[in-house]
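Notes follow the structure.
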Amino acid sequence: MQKEDNLKDIISHAKEYGFVFPSSEIYDGLSATYDYGQLGVELKNNIKSYWWKSMVQMNENIVGLDSAIFMHPTTWKASGHIDAFNDPLIDNKDSKKRYRADVLLEEHIEKYRAKIDKDVNKGIKRFGDDFDKDQFLATNPNVLRNKAKIEDVEQRMKDTLGKDDLEGVYNLIMDLGIVCPISGTKNWTEVRQFNLMFSTELGSVSGEAAKIYLRPETAQGIFVNFLNVQKTGRMKIPFGIAQIGKAFRNEIVARQFIFRMREFEQMEMQFFVRPGEEMKWYEYWKKQRIAWHNKLGLGEENYRFHDHIKLAHYANAAADIEFNFPMGFKELEGVHSRTDFDLKQHEEHSGKKLQFFDPEMNKNYVPYVVETSIGLDRMFLAILSSSFKTETLENDTERVVLSLPPALAPYKVAVMPLTKKDGLPEKAREIVNELKFDHNCAYDEKDSPGKRYRRQDAIGTPYCVMIDHQTMEDNTVTIRDRDTMEQERVSIDELTSIIGAKVSMTNLLR
Ligand code: GAP
């Protein structure tokens with residue numbers, strides 16, 4: 001199946017089963033905004049919980065925060081967002097479509113990367129186990145040519161985008177012969193900057209004085225509370241503040257489902273460190289974050305690091321953790337070394353000191369910051385897309401299964417009476433009433449067992465428990481595993497522990 005088709009299937013599956021709906025759908029929707037349905041909200045909450053626990057519960061020196069979306073407008077002057085939170089946009093005059101100039105260039109580079117992958121795959125096919133990938137990548141003339149092209153474009157991006165040289169960006173697009181994917185022409189406008197912040201007015205007064213912004217990142221709420229948390233929590237450097245919350249960006253190109261939205265959620269952690277130690281912590285958090293991802297079991301080959309070519313206005317080093325989405329490898333999370341830029345800026349604009357007295361060094365300083373920032377919605381898409389599978393079974397029928405990491409699945413178990421009579425539904429309800437203290441349970445008595453199993457497979461429920469006539473005699477049930485589809489007869493008393501062992505988040509955190 002083509003990857004783009006796969007995305008279409010995922011979008012319709014997400015809608016059909018109550019994971020994600022287009023927002024305000026009865027009014028034909030609102031572009032790039034989505035609502036999470038009854039199962040979506042469960043999966044989202046479980047992802048949040050996995051992140052929050054791994055940050056706040058598992059680290060003595062990281063605490064949480066829930067700051068307001070609206071902040072004093074000077075926050076955004078200080079942070080640089082009013083002046084520099086821009087994307088370079090370009091329009092195609094024939095299709096009238098608008099693009100991000102940097103994305104057009106990144107996609108062009110991706111084409112060279114795809115060519116290299118194609119050559120590697122050819123080599124694997126031809127030489128099998130004898131194929132030496134490292135040697136091939138280091139010596140094959142086609143690969144070397146494409147690598148050189150990548151380096152050349154990346155360098156020119158650095159020289160132009162990195163210095164806000166918009167004419168240079170335009171020239172680069174023209175030199176590379178990049179065409180509009182819709183019209184196929186190179187009839188481009190000049191490249192312009194576009195500020196991504198949404199604004200509104202506070203109270204009843206209108207005009208510049210009352211203009212406030214919807215936060216484009218949750219991080220600034222952490223910076224302005226740095227001293228509040230440090231002092232009241234008696235925190236010592238190094239320490240972190242974690243926050244989950246909504247962020248808003250007026251994205252130029254918002255497509256690809258929940259990948260790029262105008263209203264989305266971030267899970268961010270700012271780690272405050274001694275000046276000069278930031279690179280050590282930057283490497284530390286890169287390792288921690290990739291390990292957090294790998295534990296989910298979505299496949300290590302689906303992640304890669306990508307160093308930023310154009311550093312944000314606040315960073316001295318930055319890398320993305322990219323995930324192999326249905327649209328290819330794209331940014332899932334950022335790890336940024338933000339220096340002391342933000343705290344210093346807030347000191348300057350507020351006139352308040354934002355410093356830490358380090359007893360070991362016997363001096364005050366403005367801490368440096370290493371940030372980890374992941375989009376919750378992107379994480380949701382990464383999990384959903386890599387778990388979505390169509391399998392052909394032994395009897396040549398097909399099943400659609402969401403092989404979600406069990407700890408994140410919306411329902412942990414579905415309880416089903418074999419028939420609607422002979423006291424089986426009552427017994428099933430009794431079991432639900434016991435299990436529901438530990439696990440989110442579904443109850444299903446409609447249709448044949450086969451159909452009911454398929455329904456639960458399609459929403460990723462790790463276990464199905466069937467109550468039959470034997471249950472009434474010996475207090476045993478069958479428990480079916482979503483992934484192996486094997487059934488086992490066990491005592492009802494064992495259910496909590498069997499299910500608990502499989503779906504426990506502790507296994508992920510350990
Ligand atoms: N505080 C740093 C910061 O906001 P960013 O790279 O602009 O850095 C961090 O954003 C993460 O937020 C991204 O890696 C991505 O997962 C998510 N994100 C950013 N823009 C998004 C959008 N329009 N829709 C969904 N997620 C988005």
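To be explicit about the labels: the chains of the structure tokens are called A, B, and onward in the order shown, and within each one the residues are counted from 1, while ligands get numbers from 1 in the order they are shown.
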Give one line per residue of chain A that approaches ligand 1 to at most 8 Å, naming the two atoms of the closest pair and their distance in Å to one decimal, counting only C-alpha atoms and all ligand atoms; sort by chain then ascending residue number and deliver it as CSV.
residue,atom,partner,partner_atom_place_in_ligand_line,distance
A:Pro216,CA,ligand 1,4 (O),7.0
A:Glu217,CA,ligand 1,4 (O),4.7
A:Thr218,CA,ligand 1,1 (N),6.5
A:Ala219,CA,ligand 1,1 (N),5.1
A:Gln220,CA,ligand 1,1 (N),7.9
A:Phe248,CA,ligand 1,23 (N),7.4
A:Arg249,CA,ligand 1,23 (N),6.0
A:Asn250,CA,ligand 1,23 (N),7.9
A:Glu251,CA,ligand 1,23 (N),6.1
A:Ala254,CA,ligand 1,23 (N),7.0
A:Ile258,CA,ligand 1,25 (C),6.4
A:Phe259,CA,ligand 1,25 (C),5.1
A:Arg260,CA,ligand 1,24 (N),3.5
A:Met261,CA,ligand 1,24 (N),3.9
A:Arg262,CA,ligand 1,23 (N),5.3
A:Glu263,CA,ligand 1,24 (N),6.8
A:Phe264,CA,ligand 1,25 (C),5.2
A:Glu265,CA,ligand 1,26 (N),6.8
A:Gln266,CA,ligand 1,12 (O),5.5
A:Met267,CA,ligand 1,12 (O),7.9
A:Glu268,CA,ligand 1,1 (N),6.8
A:Asp320,CA,ligand 1,14 (O),6.9
A:Ile321,CA,ligand 1,14 (O),7.8
A:Glu331,CA,ligand 1,14 (O),5.5
A:Leu332,CA,ligand 1,16 (O),4.3
A:Glu333,CA,ligand 1,14 (O),3.6
A:Gly334,CA,ligand 1,14 (O),4.8
A:His336,CA,ligand 1,2 (C),7.5
A:Glu371,CA,ligand 1,1 (N),7.2
A:Thr372,CA,ligand 1,2 (C),7.6
A:Ser373,CA,ligand 1,9 (C),4.8
A:Ile374,CA,ligand 1,16 (O),4.4
A:Gly375,CA,ligand 1,16 (O),3.2
A:Leu376,CA,ligand 1,16 (O),6.8
A:Asp377,CA,ligand 1,25 (C),5.9
A:Arg378,CA,ligand 1,16 (O),5.5
A:Met379,CA,ligand 1,16 (O),7.3
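As for CA of Gly128 (chain A) and CA of Phe305 (chain A), they are spaced 27.3 Å apart.
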>> Residues near Met416 (chain A), anyone? I mean within 9 Å using only C-alpha atoms, not counting same-chain ones fewer than 2 positions away, as an MDAnalysis selection string.
In response: chainID A and resid 414 418:419 424:425 428:429 442:446 449 452 464:468
>> I want to know what sits within 12 Å of region 194-203 of chain A, based on only C-alpha atoms, with residues of the same chain fewer than 2 positions away left out; could you give that as a PyMOL selection string?
In response: chain A and resi 69-73+76-77+80-90+98-101+166+191-192+205-217+247-254+261-263
> Which of these residues is nearest to Pro417 (chain A), using only C-alpha atoms: A:Ser448, A:Leu7, A:Ser403, A:Phe437?
Replying inline: A:Ser448
> Tell me, which residues of region 21-189 of chain A carry DSSP strand (DSSP E), written as a list in words?
Replying inline: Phe21, Pro22, Tyr34, Asp35, Tyr36, Ile62, Val63, Gly64, Leu65, Asn86, Asp87, Pro88, Leu89, Ile90, Asp91, Arg98, Tyr99 and Arg100 of chain A
Output of the above residues as a compact mmCIF listing (two decimals), in the first residue's frame, restricted to N, CA and C atoms:
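Okay, this is what ended up in again-v1.txt:
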# COMPACT_ATOMS: atom_id res chain seq x y z
N PHE A 21 -12.25 13.38 15.02
CA PHE A 21 -13.27 13.93 14.11
C PHE A 21 -12.79 15.29 13.59
N PRO A 22 -13.19 15.64 12.36
CA PRO A 22 -12.92 17.02 11.92
C PRO A 22 -13.69 17.96 12.85
N TYR A 34 -9.04 19.74 14.76
CA TYR A 34 -9.66 18.42 14.92
C TYR A 34 -10.14 18.25 16.35
N ASP A 35 -11.14 17.37 16.51
CA ASP A 35 -11.64 17.03 17.84
C ASP A 35 -11.30 15.57 18.12
N TYR A 36 -10.94 15.31 19.35
CA TYR A 36 -10.64 13.92 19.74
C TYR A 36 -11.90 13.29 20.31
N ILE A 62 12.53 17.16 38.70
CA ILE A 62 11.64 17.78 37.71
C ILE A 62 10.25 17.90 38.33
N VAL A 63 9.68 19.10 38.23
CA VAL A 63 8.33 19.32 38.77
C VAL A 63 7.44 19.86 37.66
N GLY A 64 6.13 19.82 37.91
CA GLY A 64 5.18 20.22 36.87
C GLY A 64 4.69 21.64 37.03
N LEU A 65 3.93 22.09 36.02
CA LEU A 65 3.36 23.44 36.02
C LEU A 65 2.16 23.42 35.07
N ASN A 86 8.58 33.85 12.60
CA ASN A 86 8.06 33.95 11.23
C ASN A 86 8.39 32.70 10.44
N ASP A 87 7.56 32.44 9.47
CA ASP A 87 7.92 31.42 8.47
C ASP A 87 8.06 32.11 7.13
N PRO A 88 9.04 31.67 6.31
CA PRO A 88 9.17 32.27 4.97
C PRO A 88 8.13 31.64 4.05
N LEU A 89 7.25 32.45 3.50
CA LEU A 89 6.22 31.87 2.63
C LEU A 89 6.44 32.27 1.18
N ILE A 90 5.93 31.45 0.29
CA ILE A 90 6.05 31.71 -1.16
C ILE A 90 4.77 31.20 -1.81
N ASP A 91 4.27 31.95 -2.80
CA ASP A 91 3.05 31.54 -3.49
C ASP A 91 3.37 31.13 -4.92
N ARG A 98 -0.11 28.34 -1.48
CA ARG A 98 0.93 28.96 -0.65
C ARG A 98 1.78 27.85 -0.02
N TYR A 99 3.08 28.08 0.05
CA TYR A 99 3.99 27.07 0.62
C TYR A 99 4.96 27.73 1.59
N ARG A 100 5.50 26.91 2.48
CA ARG A 100 6.64 27.37 3.28
C ARG A 100 7.88 27.11 2.46
